[in-house]
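Novice: mmCIF, C-alpha atoms, saved as final_1.cif, coming up:
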data_my_file
#
loop_
_atom_site.label_atom_id
_atom_site.label_comp_id
_atom_site.auth_asym_id
_atom_site.auth_seq_id
_atom_site.Cartn_x
_atom_site.Cartn_y
_atom_site.Cartn_z
CA MET A 1 0.00 0.00 0.00
CA GLY A 2 1.45 3.34 -1.13
CA SER A 3 0.96 5.11 2.21
CA ARG A 4 3.97 3.20 3.60
CA MET A 5 6.30 4.97 1.18
CA ALA A 6 5.81 8.26 3.04
CA LEU A 7 7.72 6.95 6.06
CA PRO A 8 11.21 6.71 4.48
CA VAL A 9 11.23 10.38 3.42
CA LEU A 10 10.11 11.41 6.92
CA LEU A 11 12.79 9.41 8.76
CA PRO A 12 15.29 12.31 9.04
CA HIS A 13 12.56 14.48 10.64
CA ILE A 14 11.42 11.71 13.00
CA GLN A 15 15.03 10.90 13.88
CA SER A 16 15.66 14.53 14.77
CA GLU A 17 12.46 15.10 16.78
CA PHE A 18 12.74 11.98 18.92
CA GLY A 19 16.56 11.81 19.07
CA LEU A 20 16.81 8.36 17.47
CA SER A 21 19.78 6.62 15.84
CA LEU A 22 19.69 5.18 12.32
CA SER A 23 19.43 1.71 13.84
CA ILE A 24 16.34 2.69 15.83
CA VAL A 25 14.58 4.42 12.93
CA GLY A 26 15.46 1.34 10.89
CA PHE A 27 13.63 -0.71 13.51
CA LEU A 28 10.66 1.65 13.13
CA VAL A 29 10.47 0.79 9.44
CA THR A 30 10.97 -2.89 10.26
CA LEU A 31 7.88 -2.69 12.51
CA LEU A 32 5.88 -1.24 9.63
CA TRP A 33 6.93 -4.01 7.25
CA LEU A 34 6.69 -6.71 9.93
CA GLY A 35 3.12 -5.72 10.70
CA GLY A 36 2.35 -5.82 7.01
CA ALA A 37 3.90 -9.30 6.81
CA ILE A 38 2.22 -10.90 9.81
CA GLY A 39 -1.25 -10.05 8.59
CA GLN A 40 -0.77 -11.50 5.09
CA LEU A 41 -1.84 -15.02 6.08
CA PRO A 42 -5.01 -13.91 7.93
CA GLY A 43 -5.67 -11.58 5.01
CA GLY A 44 -5.33 -14.49 2.59
CA ILE A 45 -7.70 -16.68 4.62
CA LEU A 46 -10.28 -13.89 4.72
CA ALA A 47 -9.88 -13.41 0.95
CA ASP A 48 -10.75 -17.09 0.43
CA TYR A 49 -13.92 -16.97 2.53
CA TYR A 50 -15.27 -13.45 2.47
CA SER A 51 -15.82 -10.56 0.11
CA GLU A 52 -12.66 -8.99 -1.27
CA GLY A 53 -14.41 -5.62 -1.48
CA ALA A 54 -15.30 -5.66 2.20
CA ILE A 55 -11.80 -6.76 3.22
CA MET A 56 -10.10 -4.04 1.15
CA THR A 57 -12.44 -1.41 2.57
CA LEU A 58 -11.75 -2.65 6.11
CA SER A 59 -8.02 -2.43 5.46
CA LEU A 60 -8.22 1.20 4.36
CA GLY A 61 -10.41 2.07 7.35
CA LEU A 62 -7.89 0.56 9.77
CA VAL A 63 -5.03 2.40 8.05
CA VAL A 64 -6.88 5.69 8.60
CA ILE A 65 -7.18 4.93 12.32
CA ALA A 66 -3.52 3.89 12.57
CA LEU A 67 -2.22 6.94 10.69
CA THR A 68 -4.24 9.20 12.96
CA ALA A 69 -2.54 7.55 15.95
CA VAL A 70 0.89 8.02 14.34
CA VAL A 71 0.26 11.71 13.69
CA LEU A 72 -0.93 12.27 17.26
CA ALA A 73 1.80 10.16 18.93
CA PRO A 74 3.14 12.14 21.92
CA ASN A 75 6.32 10.08 22.35
CA ALA A 76 8.52 7.50 20.62
CA ALA A 77 6.93 4.50 22.36
CA THR A 78 3.45 5.45 21.17
CA LEU A 79 4.83 6.15 17.71
CA PHE A 80 6.31 2.66 17.46
CA VAL A 81 3.06 0.97 18.53
CA ALA A 82 1.01 3.04 16.09
CA VAL A 83 3.39 2.25 13.22
CA ALA A 84 3.10 -1.49 13.97
CA ILE A 85 -0.71 -1.21 13.82
CA TRP A 86 -0.36 0.73 10.57
CA GLY A 87 1.59 -2.18 9.11
CA LEU A 88 -0.99 -4.72 10.26
CA ALA A 89 -3.78 -2.65 8.73
CA THR A 90 -2.11 -2.59 5.32
CA SER A 91 -1.66 -6.37 5.31
CA LEU A 92 -5.32 -7.15 4.61
CA TYR A 93 -5.31 -5.35 1.26
CA PRO A 94 -2.78 -7.03 -1.11
CA ILE A 95 -4.03 -10.63 -1.11
CA ALA A 96 -7.66 -9.61 -1.67
CA ARG A 97 -6.54 -7.47 -4.60
CA ILE A 98 -4.68 -10.38 -6.20
CA THR A 99 -7.42 -12.97 -5.69
CA ILE A 100 -10.12 -10.80 -7.23
CA LEU A 101 -7.87 -10.09 -10.24
CA SER A 102 -7.19 -13.82 -10.54
CA GLU A 103 -10.94 -14.49 -10.68
CA THR A 104 -11.56 -11.71 -13.19
CA TYR A 105 -8.53 -12.29 -15.47
CA PRO A 106 -7.56 -15.96 -15.06
CA ASP A 107 -5.58 -16.13 -18.31
CA ARG A 108 -3.91 -12.73 -18.08
CA LEU A 109 -3.16 -12.35 -14.38
CA GLY A 110 0.37 -11.02 -14.93
CA SER A 111 -0.83 -8.28 -17.28
CA ALA A 112 -3.79 -7.36 -15.06
CA LEU A 113 -1.72 -7.28 -11.88
CA GLY A 114 1.07 -5.34 -13.57
CA LEU A 115 -1.37 -2.68 -14.76
CA THR A 116 -3.09 -2.50 -11.36
CA MET A 117 0.22 -2.16 -9.53
CA ALA A 118 1.30 0.51 -12.01
CA THR A 119 -1.73 2.64 -11.15
CA GLY A 120 -0.72 2.28 -7.50
CA ASP A 121 2.66 3.73 -8.41
CA ILE A 122 0.97 7.00 -9.30
CA GLY A 123 0.24 7.39 -5.60
CA GLN A 124 3.69 6.18 -4.62
CA THR A 125 5.20 8.69 -7.04
CA LEU A 126 3.30 11.63 -5.58
CA ILE A 127 3.24 10.67 -1.90
CA PRO A 128 7.01 10.88 -1.11
CA PRO A 129 7.62 14.38 -2.58
CA VAL A 130 4.36 15.74 -1.15
CA ALA A 131 5.12 14.23 2.26
CA GLY A 132 8.67 15.57 2.13
CA ALA A 133 7.55 19.06 1.10
CA LEU A 134 4.89 19.26 3.81
CA ALA A 135 7.40 18.07 6.42
CA ALA A 136 9.90 20.70 5.30
CA VAL A 137 7.40 23.56 5.26
CA LEU A 138 5.22 22.53 8.21
CA VAL A 139 5.86 19.49 10.44
CA TRP A 140 6.54 15.83 9.62
CA GLN A 141 3.06 14.89 10.87
CA ALA A 142 1.58 16.84 7.96
CA GLY A 143 3.46 14.50 5.61
CA LEU A 144 1.25 11.66 6.84
CA GLY A 145 -1.89 13.52 7.80
CA PHE A 146 -2.67 14.70 4.26
CA MET A 147 -3.27 11.06 3.24
CA ILE A 148 -6.05 10.42 5.74
CA PRO A 149 -8.92 12.07 3.80
CA LEU A 150 -7.62 10.50 0.57
CA LEU A 151 -7.70 7.03 2.14
CA ILE A 152 -11.25 7.63 3.34
CA LEU A 153 -12.29 8.53 -0.22
CA GLY A 154 -10.50 5.43 -1.51
CA GLY A 155 -12.31 3.22 0.97
CA VAL A 156 -15.68 4.61 -0.09
CA GLY A 157 -14.78 4.07 -3.75
CA ILE A 158 -13.79 0.43 -3.19
CA TRP A 159 -16.96 -0.21 -1.19
CA LEU A 160 -19.05 1.10 -4.08
CA VAL A 161 -17.12 -0.50 -6.97
CA VAL A 162 -15.65 -3.85 -5.86
CA PRO A 163 -18.15 -6.76 -5.56
CA ARG A 164 -18.92 -7.83 -2.01
CA GLN A 165 -20.29 -11.33 -2.65
CA SER A 166 -18.69 -13.87 -0.33
CA ARG A 167 -16.33 -16.33 -2.06
CA ALA A 168 -17.37 -18.92 0.51
CA GLU A 169 -20.86 -19.09 -0.99
CA GLY A 170 -19.54 -20.89 -4.05
CA SER A 171 -16.78 -22.85 -2.36
CA THR A 172 -16.79 -26.40 -1.03
CA VAL A 173 -13.65 -25.83 1.01
CA THR A 174 -13.89 -25.15 4.73
CA LEU A 175 -11.34 -23.61 7.04
CA SER A 176 -9.89 -26.77 8.59
CA MET A 177 -6.82 -28.92 9.04
CA ASP A 178 -7.54 -30.34 5.58
CA THR A 179 -7.09 -26.86 4.12
CA ALA A 180 -3.84 -26.45 6.04
CA ARG A 181 -2.60 -29.79 4.73
CA ASP A 182 -3.50 -28.84 1.16
CA VAL A 183 -1.57 -25.59 1.48
CA GLY A 184 1.35 -27.41 3.13
CA ASP A 185 1.49 -29.95 0.29
CA GLU A 186 1.73 -27.13 -2.25
CA LEU A 187 4.42 -25.33 -0.26
CA ARG A 188 6.58 -28.46 -0.09
CA ARG A 189 6.88 -28.70 -3.86
CA PRO A 190 10.46 -27.91 -5.02
CA THR A 191 9.29 -25.02 -7.18
CA MET A 192 7.46 -23.38 -4.27
CA MET A 193 10.40 -23.89 -1.91
CA PHE A 194 12.66 -22.22 -4.46
CA VAL A 195 10.37 -19.26 -5.06
CA SER A 196 9.74 -18.81 -1.32
CA PHE A 197 13.47 -18.46 -0.67
CA ILE A 198 13.76 -16.08 -3.61
CA LEU A 199 10.99 -13.94 -2.12
CA ILE A 200 12.68 -13.92 1.30
CA LEU A 201 15.86 -12.53 -0.24
CA PHE A 202 13.97 -10.05 -2.38
CA PHE A 203 11.82 -8.76 0.48
CA PHE A 204 14.99 -8.27 2.55
CA PHE A 205 16.62 -6.35 -0.29
CA TRP A 206 13.50 -4.32 -1.16
CA GLN A 207 12.74 -3.24 2.39
CA ALA A 208 16.34 -2.35 3.20
CA PHE A 209 16.74 -0.33 0.01
CA THR A 210 13.48 1.62 0.10
CA SER A 211 13.66 2.32 3.84
CA PHE A 212 16.94 4.21 3.68
CA PHE A 213 17.31 5.46 0.12
CA PRO A 214 16.07 9.01 0.85
CA THR A 215 18.17 9.17 4.05
CA TYR A 216 21.18 7.84 2.13
CA LEU A 217 20.84 10.59 -0.47
CA VAL A 218 20.72 13.24 2.26
CA VAL A 219 23.59 11.84 4.38
CA GLU A 220 26.00 10.48 1.77
CA LYS A 221 25.20 12.44 -1.40
CA GLU A 222 24.39 15.74 0.37
CA VAL A 223 21.12 16.06 -1.53
CA SER A 224 18.45 18.21 0.11
CA ALA A 225 15.62 16.39 1.84
CA THR A 226 13.15 17.83 -0.68
CA MET A 227 15.22 16.64 -3.67
CA ALA A 228 15.69 13.24 -2.04
CA SER A 229 11.92 12.85 -1.74
CA ILE A 230 11.51 13.87 -5.40
CA LEU A 231 14.06 11.26 -6.50
CA PHE A 232 12.22 8.70 -4.39
CA GLY A 233 9.02 9.65 -6.18
CA VAL A 234 10.76 9.34 -9.56
CA PHE A 235 11.80 5.83 -8.55
CA PHE A 236 8.15 4.84 -8.19
CA ALA A 237 7.10 6.81 -11.27
CA ALA A 238 9.30 4.51 -13.32
CA GLY A 239 7.39 1.59 -11.82
CA ALA A 240 4.24 2.76 -13.59
CA ILE A 241 6.05 1.92 -16.84
CA VAL A 242 7.98 -1.14 -15.69
CA LYS A 243 5.15 -3.07 -14.00
CA PRO A 244 2.76 -3.44 -16.97
CA ILE A 245 5.70 -4.48 -19.17
CA ALA A 246 6.82 -7.00 -16.54
CA GLY A 247 3.29 -8.39 -16.25
CA VAL A 248 2.99 -8.87 -20.00
CA ALA A 249 6.47 -10.46 -20.06
CA TYR A 250 5.38 -12.93 -17.37
CA ASP A 251 2.30 -13.94 -19.36
CA ARG A 252 4.36 -14.43 -22.53
CA ILE A 253 7.76 -15.82 -21.49
CA GLY A 254 7.17 -17.07 -17.95
CA MET A 255 8.64 -16.21 -14.58
CA ARG A 256 12.28 -17.20 -15.04
CA TRP A 257 13.36 -14.86 -17.83
CA ALA A 258 10.89 -12.10 -16.95
CA LEU A 259 12.23 -11.90 -13.37
CA ILE A 260 15.88 -12.07 -14.41
CA SER A 261 15.28 -9.24 -16.89
CA VAL A 262 13.93 -6.83 -14.27
CA LEU A 263 16.69 -7.66 -11.75
CA LEU A 264 19.74 -7.03 -13.93
CA GLY A 265 19.28 -3.24 -13.70
CA PRO A 266 19.35 -3.11 -9.88
CA VAL A 267 22.65 -5.00 -9.77
CA ALA A 268 24.34 -2.44 -12.01
CA GLY A 269 22.62 0.50 -10.32
CA LEU A 270 23.49 -0.54 -6.76
CA LEU A 271 27.15 -1.05 -7.68
CA LEU A 272 27.26 2.40 -9.32
CA LEU A 273 25.35 4.24 -6.59
CA PRO A 274 28.29 4.63 -4.16
CA VAL A 275 30.55 6.16 -6.84
CA VAL A 276 28.26 8.60 -8.68
CA GLU A 277 28.12 12.15 -7.35
CA SER A 278 26.25 14.46 -9.72
CA LEU A 279 22.50 14.84 -9.42
CA GLU A 280 22.09 13.81 -13.06
CA MET A 281 23.96 10.55 -12.55
CA ILE A 282 22.08 9.82 -9.32
CA LEU A 283 18.84 10.26 -11.27
CA ILE A 284 20.01 7.86 -13.99
CA VAL A 285 21.11 5.26 -11.44
CA THR A 286 17.77 5.61 -9.64
CA LEU A 287 15.93 4.85 -12.87
CA VAL A 288 18.16 1.85 -13.56
CA ILE A 289 17.48 0.44 -10.10
CA SER A 290 13.74 1.04 -10.53
CA THR A 291 13.39 -1.87 -12.95
CA MET A 292 13.17 -4.07 -9.84
CA LEU A 293 9.63 -2.73 -9.36
CA GLY A 294 8.52 -5.20 -12.02
CA ASN A 295 9.21 -8.00 -9.55
CA GLY A 296 5.79 -7.91 -7.90
CA ALA A 297 3.75 -8.39 -11.08
CA ILE A 298 5.88 -11.44 -11.88
CA THR A 299 6.39 -13.22 -8.57
CA GLN A 300 2.94 -12.59 -7.11
CA SER A 301 1.22 -13.73 -10.30
CA PHE A 302 3.41 -16.83 -10.30
CA VAL A 303 2.74 -17.75 -6.68
CA ALA A 304 -1.01 -17.15 -7.01
CA GLU A 305 -1.18 -19.47 -10.01
CA GLN A 306 0.53 -22.29 -8.10
CA PHE A 307 -2.48 -22.75 -5.80
CA PRO A 308 -5.98 -24.07 -6.58
CA ALA A 309 -8.62 -21.33 -6.62
CA ASP A 310 -10.24 -22.53 -3.37
CA ILE A 311 -7.05 -21.99 -1.33
CA GLN A 312 -5.40 -19.33 -3.45
CA GLY A 313 -5.66 -16.55 -0.87
CA THR A 314 -4.52 -18.78 1.99
CA GLY A 315 -1.60 -20.14 -0.02
CA LEU A 316 -0.45 -16.76 -1.27
CA GLY A 317 -0.84 -15.30 2.21
CA SER A 318 1.29 -18.11 3.69
CA VAL A 319 4.13 -17.51 1.25
CA ARG A 320 4.03 -13.74 1.63
CA THR A 321 3.85 -13.90 5.43
CA VAL A 322 6.90 -16.13 5.80
CA SER A 323 8.88 -14.23 3.16
CA ALA A 324 7.98 -10.76 4.38
CA VAL A 325 8.49 -11.54 8.09
CA VAL A 326 12.08 -12.64 7.45
CA GLY A 327 12.59 -9.85 4.92
CA ALA A 328 11.37 -7.28 7.44
CA THR A 329 14.70 -7.61 9.26
CA GLY A 330 16.26 -5.72 6.34
CA PRO A 331 15.69 -2.14 7.53
CA VAL A 332 16.97 -2.64 11.07
CA LEU A 333 20.05 -4.60 9.93
CA PHE A 334 20.78 -2.04 7.22
CA GLY A 335 20.35 0.72 9.81
CA ILE A 336 22.98 -0.95 12.02
CA VAL A 337 25.37 -1.10 9.06
CA ALA A 338 24.69 2.56 8.22
CA ASP A 339 25.20 3.63 11.85
CA ARG A 340 28.71 2.21 11.67
CA GLY A 341 29.57 4.27 8.61
CA PHE A 342 29.14 1.56 5.98
CA PHE A 343 26.26 3.06 4.02
CA ASN A 344 27.96 2.53 0.63
CA GLU A 345 29.13 -0.97 1.50
CA GLY A 346 25.56 -1.80 2.50
CA TYR A 347 24.32 -1.06 -1.00
CA VAL A 348 27.06 -3.21 -2.52
CA ALA A 349 25.91 -6.03 -0.23
CA LEU A 350 22.35 -5.55 -1.48
CA ALA A 351 23.64 -5.90 -5.06
CA VAL A 352 25.16 -9.25 -4.08
CA ILE A 353 21.78 -10.37 -2.70
CA VAL A 354 20.13 -9.52 -6.02
CA VAL A 355 22.78 -11.55 -7.87
CA ILE A 356 21.93 -14.53 -5.65
CA VAL A 357 18.24 -14.06 -6.48
CA ILE A 358 19.06 -14.05 -10.20
CA VAL A 359 21.08 -17.28 -9.90
CA LEU A 360 18.32 -18.99 -7.91
CA THR A 361 15.71 -17.87 -10.44
CA TYR A 362 17.75 -19.34 -13.28
CA ARG A 363 18.10 -22.65 -11.40
CA MET A 364 14.46 -22.84 -10.32
CA PRO A 365 12.60 -26.03 -11.36
CA ASN A 366 10.05 -25.67 -14.14
CA PRO A 367 6.72 -24.60 -12.60
CA LYS A 368 3.28 -26.03 -13.28
CA LYS A 369 0.19 -23.86 -13.16
CA SER A 370 -2.49 -25.10 -10.80
CA ALA A 371 -5.89 -25.95 -12.18
#
Could I get this structure in the form of structure tokens?

Specialist:
Amino acid sequence: MGSRMALPVLLPHIQSEFGLSLSIVGFLVTLLWLGGAIGQLPGGILADYYSEGAIMTLSLGLVVIALTAVVLAPNAATLFVAVAIWGLATSLYPIARITILSETYPDRLGSALGLTMATGDIGQTLIPPVAGALAAVLVWQAGLGFMIPLLILGGVGIWLVVPRQSRAEGSTVTLSMDTARDVGDELRRPTMMFVSFILILFFFFWQAFTSFFPTYLVVEKEVSATMASILFGVFFAAGAIVKPIAGVAYDRIGMRWALISVLLGPVAGLLLLPVVESLEMILIVTLVISTMLGNGAITQSFVAEQFPADIQGTGLGSVRTVSAVVGATGPVLFGIVADRGFFNEGYVALAVIVVIVIVLTYRMPNPKKSA
């Protein structure tokens, strides 16, 4: 959910107001992602048995409540609790979005998901610079508070547009140990074990990179906070182009080569990032790294198609929960590295992780789509 991308550009302001180290603000971001990870499995179960429209609306409503608590937090402890709730609230949304697209576009899920995710990047493009500008001119709380009325409008729109018929009405599957065994059997297949490990590494890389990229630009490249937030927005703007292309590539050439194609750019970009200095070159490197945004349209379509329709949400939620929970350690570990003066070396290490993902993707067993 795009609202989470406001937090990275606000970290310098939060760090200053509450007197926190990079390690501690990294843990703050970890809480956000961890909350978003833990709720994926419950979100997937709900998506299998209840209306996707109702679940997505509920998610947005809970995000509004959580963001209000973050904005009003009187101290660091309250802030951390509110951010964790914010993460949990966002976790209900993604699986329901994927399952309803899978029902609507069963033969073109990659293309449909890529296009849908690209429209989400419009928000992620605008949110960081707007949040950064409001924080610079007013207070950091304004950088989050402006989203609250927009989320309320979005919730109303989803409630009116997305069907609210329960999936359980047409399903013969019940929430039981049998369902758990069916999901477990799918997860034990070699292909699923491979892709789950790939997702763990990618989530770690993604969360570490996005959490500190604006701060890195300010601290290491001496870019203004406003310009750093604009570059962060440009990063997501590129995703609006990359994701539909990646989704179409998945539908036409499959996961292996589509995923490798979008990950080659980040390897080169992350290795170049520590050595480039001019704003123009930083912009170019940012765009090169942004090809990784095509990952979601590919991997999430792939995982969803590995599970039968009756347990699709539960299966996808299981994979995303395990992968994202482990990957959520990325921000706090990267913050520890940055605190010790190894910001540049941290990005080189992330490039190595992406290389490992590419190798594993190439070696992954041939998948079979589920009926």

Novice: Using the chain letters and numbers from the file, which residues does the PyMOL selection byres ((chain A and resi 332) around 10) grab, as a PDB file with C-alpha atoms, in the frame of the given file?

Specialist:
ATOM      1  CA  LEU A  22      19.690   5.180  12.320  1.00  0.00           C
ATOM      2  CA  SER A  23      19.430   1.710  13.840  1.00  0.00           C
ATOM      3  CA  ILE A  24      16.340   2.690  15.830  1.00  0.00           C
ATOM      4  CA  VAL A  25      14.580   4.420  12.930  1.00  0.00           C
ATOM      5  CA  GLY A  26      15.460   1.340  10.890  1.00  0.00           C
ATOM      6  CA  PHE A  27      13.630  -0.710  13.510  1.00  0.00           C
ATOM      7  CA  LEU A  28      10.660   1.650  13.130  1.00  0.00           C
ATOM      8  CA  VAL A  29      10.470   0.790   9.440  1.00  0.00           C
ATOM      9  CA  THR A  30      10.970  -2.890  10.260  1.00  0.00           C
ATOM     10  CA  LEU A  31       7.880  -2.690  12.510  1.00  0.00           C
ATOM     11  CA  GLN A 207      12.740  -3.240   2.390  1.00  0.00           C
ATOM     12  CA  ALA A 208      16.340  -2.350   3.200  1.00  0.00           C
ATOM     13  CA  SER A 211      13.660   2.320   3.840  1.00  0.00           C
ATOM     14  CA  ALA A 328      11.370  -7.280   7.440  1.00  0.00           C
ATOM     15  CA  THR A 329      14.700  -7.610   9.260  1.00  0.00           C
ATOM     16  CA  GLY A 330      16.260  -5.720   6.340  1.00  0.00           C
ATOM     17  CA  PRO A 331      15.690  -2.140   7.530  1.00  0.00           C
ATOM     18  CA  LEU A 333      20.050  -4.600   9.930  1.00  0.00           C
ATOM     19  CA  PHE A 334      20.780  -2.040   7.220  1.00  0.00           C
ATOM     20  CA  GLY A 335      20.350   0.720   9.810  1.00  0.00           C
ATOM     21  CA  ILE A 336      22.980  -0.950  12.020  1.00  0.00           C
ATOM     22  CA  VAL A 337      25.370  -1.100   9.060  1.00  0.00           C
ATOM     23  CA  ALA A 338      24.690   2.560   8.220  1.00  0.00           C
TER      24      ALA A 338
END

Novice: What do you get, as a list of chain:residue names, if you spell out every residue that the PyMOL selection byres ((chain A and resi 154) around 12) selects here?

Specialist: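 Applying the expression gives A:Met1, A:Gly53, A:Met56, A:Thr57, A:Leu58, A:Ser59, A:Leu60, A:Gly61, A:Val63, A:Val64, A:Gly120, A:Gly123, A:Met147, A:Ile148, A:Pro149, A:Leu150, A:Leu151, A:Ile152, A:Leu153, A:Gly155, A:Val156, A:Gly157, A:Ile158, A:Trp159, A:Leu160, A:Val161, A:Val162.
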
Novice: If I put a ball of radius 12 Å at (14.4, -20.7, 0.9) in the file's coordinates, which residues poke into it when counting all atoms listed in the file, written as a list in words?

Specialist: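 The residues near that point, listed by chain and number, are Leu187, Arg188, Arg189, Pro190, Thr191, Met192, Met193, Phe194, Val195, Ser196, Phe197, Ile198, Leu199, Ile200, Leu201, Phe202, Val319, Val322, Ser323, Val326, Gly327, Ile356, Val357, Leu360, Thr361 and Met364 of chain A.
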
Novice: Take CA of Ile282 in chain A and CA of Ala6 in chain A and report the distance between them in Å, one decimal.

Specialist: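 These two atoms are separated by 20.5 Å.
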
Novice: Expressed in Å to a single decimal, how great is the separation between CA of Ala133 in chain A and CA of Val219 in chain A?

Specialist: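 One can read the CA of Ala133 in chain A to CA of Val219 in chain A distance as 17.9 Å.
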
Novice: Extract, using only C-alpha atoms, all DNA, RNA and protein residues at most 10 Å from Val70 in chain A, discarding same-chain residues fewer than 3 positions from it, and format them as an NGL selection string.

Specialist: :A and (64-67 or 73-76 or 78-86 or 141 or 144-145)

Novice: Within 12 Å of range 128-130 of chain A, counting only C-alpha atoms, which residues show up once you throw out same-chain ones fewer than 3 positions away? Write them as a PyMOL selection string, please.

Specialist: chain A and resi 2-11+121-125+133-138+140+142-147+210-211+213-214+224-237

Novice: Which distance in Å separates CA of Leu217 in chain A and CA of Leu264 in chain A, to one decimal?

Specialist: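 Distance reported for this atom pair: 22.2 Å.
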
Novice: With a distance cut-off of 9 Å and all atoms listed in the file, select the neighbouring residues of Val325 in chain A, excluding the residue or stretch itself and same-chain residues fewer than 4 positions from it, and output the selection as an mmCIF file with C-alpha atoms, keeping the file's coordinate frame.

Specialist:
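Below is the file out.cif, written as the result:
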data_model
loop_
_atom_site.group_PDB
_atom_site.id
_atom_site.type_symbol
_atom_site.label_atom_id
_atom_site.label_comp_id
_atom_site.auth_asym_id
_atom_site.auth_seq_id
_atom_site.Cartn_x
_atom_site.Cartn_y
_atom_site.Cartn_z
ATOM 1 C CA TRP A 33 6.930 -4.010 7.250
ATOM 2 C CA LEU A 34 6.690 -6.710 9.930
ATOM 3 C CA GLY A 35 3.120 -5.720 10.700
ATOM 4 C CA GLY A 36 2.350 -5.820 7.010
ATOM 5 C CA ALA A 37 3.900 -9.300 6.810
ATOM 6 C CA ILE A 38 2.220 -10.900 9.810
ATOM 7 C CA ILE A 200 12.680 -13.920 1.300
ATOM 8 C CA PHE A 203 11.820 -8.760 0.480
ATOM 9 C CA ARG A 320 4.030 -13.740 1.630
ATOM 10 C CA THR A 321 3.850 -13.900 5.430
ATOM 11 C CA THR A 329 14.700 -7.610 9.260
#

Novice: Can you tell me, as a PyMOL selection string, what residues are no more than 9 Å from Ile289 in chain A when counting only C-alpha atoms, ignoring any on the same chain fewer than 3 positions away?

Specialist: chain A and resi 235+263-270+284-286+292-293

Novice: Pick out the residues sitting within 12 Å of Ala258 in chain A, and hand them over as a JSON list (two decimals) with C-alpha atoms, keeping the file's coordinate frame; count only C-alpha atoms, and ignore anything fewer than 2 positions along from it in its own chain.

Specialist:
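Once written, selection-v2.json looks like this:
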[["chain", "number", "residue", "atom", "x", "y", "z"],
["A", 110, "GLY", "CA", 0.37, -11.02, -14.93],
["A", 242, "VAL", "CA", 7.98, -1.14, -15.69],
["A", 243, "LYS", "CA", 5.15, -3.07, -14.00],
["A", 244, "PRO", "CA", 2.76, -3.44, -16.97],
["A", 245, "ILE", "CA", 5.70, -4.48, -19.17],
["A", 246, "ALA", "CA", 6.82, -7.00, -16.54],
["A", 247, "GLY", "CA", 3.29, -8.39, -16.25],
["A", 248, "VAL", "CA", 2.99, -8.87, -20.00],
["A", 249, "ALA", "CA", 6.47, -10.46, -20.06],
["A", 250, "TYR", "CA", 5.38, -12.93, -17.37],
["A", 251, "ASP", "CA", 2.30, -13.94, -19.36],
["A", 252, "ARG", "CA", 4.36, -14.43, -22.53],
["A", 253, "ILE", "CA", 7.76, -15.82, -21.49],
["A", 254, "GLY", "CA", 7.17, -17.07, -17.95],
["A", 255, "MET", "CA", 8.64, -16.21, -14.58],
["A", 256, "ARG", "CA", 12.28, -17.20, -15.04],
["A", 260, "ILE", "CA", 15.88, -12.07, -14.41],
["A", 261, "SER", "CA", 15.28, -9.24, -16.89],
["A", 262, "VAL", "CA", 13.93, -6.83, -14.27],
["A", 263, "LEU", "CA", 16.69, -7.66, -11.75],
["A", 264, "LEU", "CA", 19.74, -7.03, -13.93],
["A", 291, "THR", "CA", 13.39, -1.87, -12.95],
["A", 292, "MET", "CA", 13.17, -4.07, -9.84],
["A", 294, "GLY", "CA", 8.52, -5.20, -12.02],
["A", 295, "ASN", "CA", 9.21, -8.00, -9.55],
["A", 296, "GLY", "CA", 5.79, -7.91, -7.90],
["A", 297, "ALA", "CA", 3.75, -8.39, -11.08],
["A", 298, "ILE", "CA", 5.88, -11.44, -11.88],
["A", 299, "THR", "CA", 6.39, -13.22, -8.57],
["A", 301, "SER", "CA", 1.22, -13.73, -10.30],
["A", 302, "PHE", "CA", 3.41, -16.83, -10.30],
["A", 358, "ILE", "CA", 19.06, -14.05, -10.20],
["A", 361, "THR", "CA", 15.71, -17.87, -10.44],
["A", 362, "TYR", "CA", 17.75, -19.34, -13.28]]

Novice: Find, counting only C-alpha atoms, the residue in A:Trp257, A:Phe342, A:Phe209, A:Tyr347 that gets nearest to Val359 in chain A.

Specialist: A:Trp257

Novice: Using only C-alpha atoms, can you tell me which of A:Leu259, A:Val276, A:Leu20, A:Leu126 comes closest to Val355 in chain A?

Specialist: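 Result for the nearest residue to Val355 in chain A: A:Leu259.
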
Novice: For range 152-156 of chain A, which lacks atoms in the input, supply N, CA, C and O atoms and format the output as a PDB file, keeping the file's coordinate frame.

Specialist:
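The resulting file, part_29.pdb, is reproduced below:
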ATOM      1  N   ILE A 152      -9.811   7.753   3.084  1.00  0.00           N
ATOM      2  CA  ILE A 152     -11.250   7.630   3.340  1.00  0.00           C
ATOM      3  C   ILE A 152     -12.020   7.613   2.013  1.00  0.00           C
ATOM      4  O   ILE A 152     -12.917   6.777   1.805  1.00  0.00           O
ATOM      5  N   LEU A 153     -11.650   8.505   1.100  1.00  0.00           N
ATOM      6  CA  LEU A 153     -12.290   8.530  -0.220  1.00  0.00           C
ATOM      7  C   LEU A 153     -12.050   7.219  -0.964  1.00  0.00           C
ATOM      8  O   LEU A 153     -12.952   6.676  -1.620  1.00  0.00           O
ATOM      9  N   GLY A 154     -10.812   6.695  -0.860  1.00  0.00           N
ATOM     10  CA  GLY A 154     -10.500   5.430  -1.510  1.00  0.00           C
ATOM     11  C   GLY A 154     -11.327   4.282  -0.965  1.00  0.00           C
ATOM     12  O   GLY A 154     -11.801   3.421  -1.719  1.00  0.00           O
ATOM     13  N   GLY A 155     -11.498   4.261   0.348  1.00  0.00           N
ATOM     14  CA  GLY A 155     -12.310   3.220   0.970  1.00  0.00           C
ATOM     15  C   GLY A 155     -13.757   3.263   0.489  1.00  0.00           C
ATOM     16  O   GLY A 155     -14.364   2.225   0.201  1.00  0.00           O
ATOM     17  N   VAL A 156     -14.310   4.460   0.399  1.00  0.00           N
ATOM     18  CA  VAL A 156     -15.680   4.610  -0.090  1.00  0.00           C
ATOM     19  C   VAL A 156     -15.787   4.129  -1.536  1.00  0.00           C
ATOM     20  O   VAL A 156     -16.738   3.428  -1.926  1.00  0.00           O
TER      21      VAL A 156
END
